[in-house]
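run.tsv (TSV, C-alpha atoms) appears below.
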chain	number	residue	atom	x	y	z
A	11	SER	CA	6.71	-5.73	18.79
A	12	GLN	CA	4.12	-6.26	16.13
A	13	THR	CA	4.73	-8.54	13.19
A	14	ILE	CA	2.69	-9.61	10.21
A	15	HIS	CA	3.00	-12.98	8.53
A	16	GLN	CA	1.74	-13.72	5.08
A	17	TRP	CA	2.02	-17.02	3.22
A	18	PRO	CA	2.83	-18.57	0.92
A	19	ALA	CA	5.43	-16.28	-0.66
A	20	THR	CA	4.82	-17.65	-4.14
A	21	LEU	CA	2.05	-19.74	-5.62
A	22	VAL	CA	1.33	-21.16	-9.04
A	23	GLN	CA	-2.23	-22.37	-9.53
A	24	PRO	CA	-4.19	-23.63	-12.55
A	25	VAL	CA	-7.23	-21.79	-13.82
A	26	GLY	CA	-10.36	-22.99	-12.05
A	27	SER	CA	-8.59	-24.11	-8.90
A	28	PRO	CA	-9.41	-22.70	-5.45
A	29	LEU	CA	-7.28	-20.21	-3.55
A	30	SER	CA	-6.59	-19.52	0.10
A	31	LEU	CA	-4.06	-16.92	1.23
A	32	GLU	CA	-3.58	-16.37	4.92
A	33	CYS	CA	-2.35	-13.41	6.88
A	34	THR	CA	-1.82	-13.19	10.63
A	35	VAL	CA	-0.73	-10.35	12.86
A	36	GLU	CA	1.08	-10.74	16.17
A	37	GLY	CA	1.68	-8.34	19.01
A	38	THR	CA	-1.46	-6.28	18.71
A	39	SER	CA	-5.18	-6.67	19.11
A	40	ASN	CA	-8.23	-5.50	17.20
A	41	PRO	CA	-6.29	-4.16	14.20
A	42	ASN	CA	-7.78	-3.06	10.91
A	43	LEU	CA	-6.76	-5.59	8.25
A	44	TYR	CA	-6.40	-5.12	4.50
A	45	TRP	CA	-5.88	-7.09	1.30
A	46	TYR	CA	-4.33	-5.31	-1.69
A	47	ARG	CA	-3.45	-6.57	-5.15
A	48	GLN	CA	-0.61	-5.24	-7.26
A	49	ALA	CA	-1.01	-6.32	-10.86
A	50	ALA	CA	1.97	-6.23	-13.20
A	51	GLY	CA	2.73	-2.65	-14.23
A	52	ARG	CA	-0.08	-1.28	-12.11
A	53	GLY	CA	-0.49	0.19	-8.68
A	54	LEU	CA	-2.00	-1.21	-5.52
A	55	GLN	CA	-5.68	-1.92	-5.59
A	56	LEU	CA	-7.58	-2.17	-2.31
A	57	LEU	CA	-9.59	-5.41	-2.40
A	58	PHE	CA	-11.00	-5.85	1.10
A	59	TYR	CA	-10.65	-4.39	4.53
A	60	SER	CA	-11.92	-5.42	7.94
A	61	VAL	CA	-12.39	-3.48	11.14
A	62	GLY	CA	-13.33	-6.49	13.26
A	63	ILE	CA	-14.08	-10.21	13.38
A	64	GLY	CA	-16.59	-11.14	10.71
A	65	GLN	CA	-16.71	-7.58	9.35
A	66	ILE	CA	-15.58	-7.42	5.73
A	67	SER	CA	-15.84	-4.47	3.35
A	68	SER	CA	-15.34	-5.15	-0.33
A	69	GLU	CA	-13.97	-2.41	-2.54
A	70	VAL	CA	-14.46	-4.00	-5.95
A	71	PRO	CA	-16.73	-6.79	-7.17
A	72	GLN	CA	-14.62	-9.70	-8.34
A	73	ASN	CA	-13.82	-13.36	-8.16
A	74	LEU	CA	-12.39	-13.12	-4.66
A	75	SER	CA	-13.73	-13.12	-1.11
A	76	ALA	CA	-12.25	-12.43	2.31
A	77	SER	CA	-12.93	-13.66	5.81
A	78	ARG	CA	-11.76	-12.77	9.29
A	79	PRO	CA	-12.44	-15.78	11.51
A	80	GLN	CA	-10.22	-14.52	14.34
A	81	ASP	CA	-9.15	-11.08	15.51
A	82	ARG	CA	-5.68	-11.28	13.95
A	83	GLN	CA	-6.33	-13.57	11.00
A	84	PHE	CA	-7.38	-12.44	7.56
A	85	ILE	CA	-7.96	-14.88	4.71
A	86	LEU	CA	-8.31	-14.21	0.99
A	87	SER	CA	-10.13	-16.89	-0.99
A	88	SER	CA	-11.45	-17.84	-4.37
A	89	LYS	CA	-13.54	-20.82	-5.43
A	90	LYS	CA	-12.28	-20.76	-9.03
A	91	LEU	CA	-9.24	-18.77	-10.08
A	92	LEU	CA	-9.12	-16.79	-13.30
A	93	LEU	CA	-6.04	-15.82	-15.30
A	94	SER	CA	-6.76	-12.21	-14.38
A	95	ASP	CA	-6.30	-13.07	-10.69
A	96	SER	CA	-2.54	-13.26	-11.19
A	97	GLY	CA	-0.65	-10.62	-9.28
A	98	PHE	CA	1.14	-9.69	-6.10
A	99	TYR	CA	-1.13	-9.82	-3.06
A	100	LEU	CA	-0.29	-7.80	0.01
A	101	CYS	CA	-1.81	-8.00	3.46
A	102	ALA	CA	-1.60	-5.00	5.76
A	103	TRP	CA	-2.70	-3.98	9.23
A	104	MET	CA	-3.28	-0.70	10.98
A	105	LEU	CA	-4.11	0.27	14.53
A	106	ARG	CA	-7.53	1.80	14.95
A	107	GLY	CA	-7.29	5.58	14.97
A	108	ARG	CA	-3.77	5.62	13.59
A	109	THR	CA	-2.69	6.52	10.07
A	110	GLU	CA	0.22	4.19	9.35
A	111	ALA	CA	-0.30	0.83	7.66
A	112	PHE	CA	2.18	-2.05	8.02
A	113	PHE	CA	2.55	-4.50	5.17
A	114	GLY	CA	3.43	-8.15	4.88
A	115	GLN	CA	6.00	-9.47	2.43
A	116	GLY	CA	3.37	-10.37	-0.12
A	117	THR	CA	2.34	-13.43	-2.12
A	118	ARG	CA	3.09	-13.66	-5.81
A	119	LEU	CA	0.25	-15.60	-7.43
A	120	THR	CA	0.52	-16.87	-10.97
A	121	VAL	CA	-2.55	-18.45	-12.48
A	122	VAL	CA	-1.72	-20.70	-15.45
B	3	GLY	CA	-14.11	8.96	-6.09
B	4	ASP	CA	-10.89	9.36	-4.20
B	5	SER	CA	-7.74	8.65	-6.17
B	6	VAL	CA	-4.03	9.29	-6.44
B	7	THR	CA	-2.08	9.99	-9.61
B	8	GLN	CA	1.68	9.61	-9.79
B	9	MET	CA	4.18	10.36	-12.50
B	10	GLU	CA	5.05	7.32	-14.56
B	11	GLY	CA	8.44	5.75	-14.26
B	12	PRO	CA	10.95	4.49	-14.31
B	13	VAL	CA	13.00	7.43	-13.17
B	14	THR	CA	16.73	6.97	-13.65
B	15	LEU	CA	19.17	9.27	-11.87
B	16	SER	CA	22.83	9.39	-11.10
B	17	GLU	CA	23.97	9.27	-7.49
B	18	GLU	CA	23.74	12.67	-5.72
B	19	ALA	CA	21.19	13.99	-8.21
B	20	PHE	CA	18.03	15.82	-7.10
B	21	LEU	CA	14.84	13.78	-7.04
B	22	THR	CA	11.24	14.83	-7.57
B	23	ILE	CA	8.38	12.37	-7.91
B	24	ASN	CA	5.07	14.08	-8.60
B	25	CYS	CA	1.86	13.07	-6.86
B	26	THR	CA	-1.57	14.67	-7.13
B	27	TYR	CA	-4.76	13.55	-5.51
B	28	THR	CA	-8.51	13.80	-5.81
B	29	ALA	CA	-10.48	13.71	-2.60
B	30	THR	CA	-13.29	15.39	-0.74
B	31	GLY	CA	-12.16	17.42	2.23
B	32	TYR	CA	-8.75	16.96	3.79
B	33	PRO	CA	-7.32	13.46	3.40
B	34	SER	CA	-4.15	12.25	5.06
B	35	LEU	CA	-1.31	11.79	2.58
B	36	PHE	CA	1.53	9.30	2.57
B	37	TRP	CA	4.57	8.11	0.71
B	38	TYR	CA	5.40	4.41	0.95
B	39	VAL	CA	8.54	2.73	-0.41
B	40	GLN	CA	8.90	-0.84	-1.67
B	41	TYR	CA	12.45	-2.17	-1.88
B	42	PRO	CA	13.07	-5.12	-4.21
B	43	GLY	CA	11.46	-8.31	-2.93
B	44	GLU	CA	9.91	-6.65	0.11
B	45	GLY	CA	6.55	-5.31	1.23
B	46	LEU	CA	5.73	-1.63	1.51
B	47	GLN	CA	7.13	0.58	4.27
B	48	LEU	CA	5.90	3.98	5.34
B	49	LEU	CA	8.38	6.65	4.32
B	50	LEU	CA	6.62	9.83	5.44
B	51	LYS	CA	3.19	11.32	5.96
B	52	ALA	CA	1.26	14.57	6.37
B	53	THR	CA	-2.18	14.85	7.88
B	54	LYS	CA	-3.19	18.45	7.20
B	55	ALA	CA	-2.64	21.21	4.67
B	56	ASP	CA	0.84	22.82	4.61
B	57	ASP	CA	2.31	20.02	6.74
B	58	LYS	CA	5.70	18.77	5.62
B	59	GLY	CA	6.55	15.12	6.11
B	60	SER	CA	10.21	14.14	6.18
B	61	ASN	CA	12.31	11.04	6.72
B	62	LYS	CA	15.73	9.77	5.58
B	63	GLY	CA	16.35	12.95	3.60
B	64	PHE	CA	13.05	12.72	1.75
B	65	GLU	CA	10.46	15.48	2.04
B	66	ALA	CA	6.93	16.14	0.83
B	67	THR	CA	4.62	19.08	1.51
B	68	TYR	CA	0.83	18.80	1.62
B	69	ARG	CA	-0.43	21.43	-0.86
B	70	LYS	CA	-4.18	21.83	-0.69
B	71	GLU	CA	-4.31	24.56	-3.35
B	72	THR	CA	-2.66	22.33	-5.94
B	73	THR	CA	-3.87	18.99	-4.43
B	74	SER	CA	-0.30	17.74	-4.53
B	75	PHE	CA	2.18	15.89	-2.35
B	76	HIS	CA	5.38	15.73	-4.39
B	77	LEU	CA	8.30	13.69	-3.03
B	78	GLU	CA	11.75	15.30	-3.07
B	79	LYS	CA	15.27	14.45	-2.04
B	80	GLY	CA	18.27	16.66	-2.51
B	81	SER	CA	20.87	13.95	-3.13
B	82	VAL	CA	19.86	10.39	-3.95
B	83	GLN	CA	21.91	7.30	-3.23
B	84	VAL	CA	22.06	3.92	-4.93
B	85	SER	CA	20.30	2.47	-1.88
B	86	ASP	CA	17.27	4.67	-2.64
B	87	SER	CA	16.49	2.52	-5.68
B	88	ALA	CA	12.97	1.25	-5.07
B	89	VAL	CA	9.35	1.75	-6.04
B	90	TYR	CA	7.67	4.74	-4.41
B	91	PHE	CA	3.91	4.87	-3.83
B	92	CYS	CA	1.86	7.92	-3.01
B	93	ALA	CA	-1.27	7.18	-0.98
B	94	LEU	CA	-4.22	8.89	0.67
B	95	SER	CA	-6.61	8.07	3.45
B	96	PRO	CA	-9.94	9.87	3.02
B	97	PRO	CA	-11.30	11.98	5.89
B	98	TYR	CA	-14.70	10.29	5.80
B	99	ASN	CA	-13.14	6.87	6.37
B	100	PHE	CA	-9.62	6.68	7.74
B	101	ASN	CA	-9.91	2.90	7.57
B	102	LYS	CA	-9.25	3.09	3.85
B	103	PHE	CA	-6.02	3.65	1.93
B	104	TYR	CA	-5.81	4.41	-1.77
B	105	PHE	CA	-2.47	4.08	-3.56
B	106	GLY	CA	-1.08	5.49	-6.75
B	107	SER	CA	0.41	3.28	-9.44
B	108	GLY	CA	3.95	3.57	-8.06
B	109	THR	CA	7.10	5.12	-9.54
B	110	LYS	CA	10.21	3.05	-9.93
B	111	LEU	CA	13.44	4.87	-9.14
B	112	ASN	CA	16.78	3.59	-10.40
B	113	VAL	CA	19.86	5.31	-9.05
B	114	LYS	CA	23.15	4.62	-10.85
B	115	PRO	CA	26.56	4.97	-9.18
Would you kindly transcribe this structure into structure tokens?
Amino acid sequence: SQTIHQWPATLVQPVGSPLSLECTVEGTSNPNLYWYRQAAGRGLQLLFYSVGIGQISSEVPQNLSASRPQDRQFILSSKKLLLSDSGFYLCAWMLRGRTEAFFGQGTRLTVV
Amino acid sequence: GDSVTQMEGPVTLSEEAFLTINCTYTATGYPSLFWYVQYPGEGLQLLLKATKADDKGSNKGFEATYRKETTSFHLEKGSVQVSDSAVYFCALSPPYNFNKFYFGSGTKLNVKP
């Protein structure tokens, strides 16, 4: 069966520090991969999605970047965190041609 | 652009009460529509979906009907339970790019015994 792993579960980082969140999927190949952010009191915002290795689509210009170095690995990064980067980050995957997305447990990031 | 609008919460109901959570969307053409649920401390799970107009998605006693004429996909349940307490998200996937998902702001449901 397919599983998605996202870590760390919680993270507290100072302003200006770098960020790296990792997400990996097991049990499937060539999935679509997604990063979402859920800010306090707000809905889910699509940040990036990828349909293949090295292929990244950005939905909103911001302080973050994403990379897909391997088929089932999706990384969210920042060189210098801002206070506004605080939130709950969710990774998701979906099989190509299907309509159901499967989500990880999320990472709660607090920038102080 | 494509977007989803949900009713604001929180919604507080007594057990066995009737539930409606409103969702309307803006999209070109015929998107696929979804309801996802997020239980406390967990990621999102697909609850139900509908991929064309007049389709009814259903799961675990929840239902939603894809209404093209009103661009709506309201979530309903006839008798809620305490275990239904969660945050519910309406979402769409646009027809021009099914790789994308757009979510509403979420509606928190609290069910009291």
Separation of CA of Phe64 (chain B) from CA of Leu15 (chain B) in Å: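 One can read the CA of Leu15 (chain B) to CA of Phe64 (chain B) distance as 15.3 Å.
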Do you have, as a Markdown table, the list of residues of chain A lying at most 12 Å from chain B, each with its nearest atom pair and that distance in Å to one decimal, counting only C-alpha atoms and ordered by chain then number?
| residue | atom | partner | partner_atom | distance |
| --- | --- | --- | --- | --- |
| A:Ile14 | CA | B:Gly45 | CA | 10.7 |
| A:His15 | CA | B:Gly45 | CA | 11.2 |
| A:Gln16 | CA | B:Gly45 | CA | 10.4 |
| A:Ala19 | CA | B:Gly43 | CA | 10.2 |
| A:Thr20 | CA | B:Gly43 | CA | 11.5 |
| A:Pro41 | CA | B:Asn101 | CA | 10.3 |
| A:Asn42 | CA | B:Asn101 | CA | 7.2 |
| A:Leu43 | CA | B:Asn101 | CA | 9.1 |
| A:Tyr44 | CA | B:Lys102 | CA | 8.7 |
| A:Trp45 | CA | B:Phe103 | CA | 10.8 |
| A:Tyr46 | CA | B:Phe105 | CA | 9.8 |
| A:Arg47 | CA | B:Phe105 | CA | 10.8 |
| A:Gln48 | CA | B:Ser107 | CA | 8.9 |
| A:Ala49 | CA | B:Ser107 | CA | 9.8 |
| A:Ala50 | CA | B:Ser107 | CA | 10.3 |
| A:Gly51 | CA | B:Ser107 | CA | 8.0 |
| A:Arg52 | CA | B:Ser107 | CA | 5.3 |
| A:Gly53 | CA | B:Ser107 | CA | 3.3 |
| A:Leu54 | CA | B:Phe105 | CA | 5.7 |
| A:Gln55 | CA | B:Phe105 | CA | 7.1 |
| A:Leu56 | CA | B:Tyr104 | CA | 6.8 |
| A:Leu57 | CA | B:Tyr104 | CA | 10.5 |
| A:Phe58 | CA | B:Lys102 | CA | 9.5 |
| A:Tyr59 | CA | B:Lys102 | CA | 7.6 |
| A:Ser60 | CA | B:Asn101 | CA | 8.6 |
| A:Val61 | CA | B:Asn101 | CA | 7.7 |
| A:Gly62 | CA | B:Asn101 | CA | 11.5 |
| A:Ile66 | CA | B:Asn101 | CA | 11.9 |
| A:Ser67 | CA | B:Lys102 | CA | 10.0 |
| A:Ser68 | CA | B:Lys102 | CA | 11.1 |
| A:Glu69 | CA | B:Lys102 | CA | 9.7 |
| A:Phe98 | CA | B:Gly45 | CA | 10.1 |
| A:Tyr99 | CA | B:Gly45 | CA | 9.9 |
| A:Leu100 | CA | B:Gly45 | CA | 7.4 |
| A:Cys101 | CA | B:Gly45 | CA | 9.1 |
| A:Ala102 | CA | B:Leu46 | CA | 9.1 |
| A:Trp103 | CA | B:Asn101 | CA | 10.1 |
| A:Met104 | CA | B:Asn101 | CA | 8.3 |
| A:Leu105 | CA | B:Asn101 | CA | 9.4 |
| A:Arg106 | CA | B:Asn101 | CA | 7.8 |
| A:Gly107 | CA | B:Phe100 | CA | 7.7 |
| A:Arg108 | CA | B:Phe100 | CA | 8.3 |
| A:Thr109 | CA | B:Phe100 | CA | 7.3 |
| A:Glu110 | CA | B:Leu48 | CA | 7.0 |
| A:Ala111 | CA | B:Leu48 | CA | 7.3 |
| A:Phe112 | CA | B:Gln47 | CA | 6.7 |
| A:Phe113 | CA | B:Leu46 | CA | 5.6 |
| A:Gly114 | CA | B:Gly45 | CA | 5.6 |
| A:Gln115 | CA | B:Gly45 | CA | 4.4 |
| A:Gly116 | CA | B:Gly45 | CA | 6.1 |
| A:Thr117 | CA | B:Gly45 | CA | 9.7 |
| A:Arg118 | CA | B:Gly43 | CA | 10.3 |
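CA of Ser87 (chain A) lies 18.0 Å from CA of Val35 (chain A).
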Env of Thr72 (chain B): 12 Å cut, atoms = all atoms listed in the file, seq-sep filter 5 positions within chain, self excluded. Answer as a PyMOL selection string. chain B and resi 24-28+55-56+67
So how many Å separate CA of Phe20 (chain B) and CA of Trp37 (chain B), to one decimal? 17.4 Å
Tell me which protein, DNA and RNA residues are within 7 Å of region 81-83 of chain A, counting only C-alpha atoms, leaving out same-chain ones fewer than 5 positions away, and put them as a ChimeraX atom specification. /A:33-35,39-40,62-63
Just checking: using all atoms listed in the file, which residue out of B:Pro115, B:Gly59, B:Gly11, B:Gly31 ends up closest to Val89 (chain B)?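 Among the listed residues, B:Gly11 lies closest to Val89 (chain B).
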Can you pull out every residue within 6 Å of Ser96 (chain A), counting only C-alpha atoms, but drop anything in the same chain fewer than 6 positions away, and send it as a list of chain:residue names?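 Those residues are A:Leu119, A:Thr120, A:Val121.
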Using all atoms listed in the file, can you tell me which of A:Val22, A:Asn73, A:Thr38, A:Trp17 comes closest to Leu91 (chain A)? A:Asn73
With distances taken over all atoms listed in the file, the candidate from B:Lys70, B:Lys58, B:Leu111, B:Tyr98 nearest Asp86 (chain B) is B:Leu111
Hey, what's within 10 Å of Gly63 (chain B) if we count only C-alpha atoms and toss same-chain stuff fewer than 3 positions away? As number ranges by chain, please? B: 60, 78-82
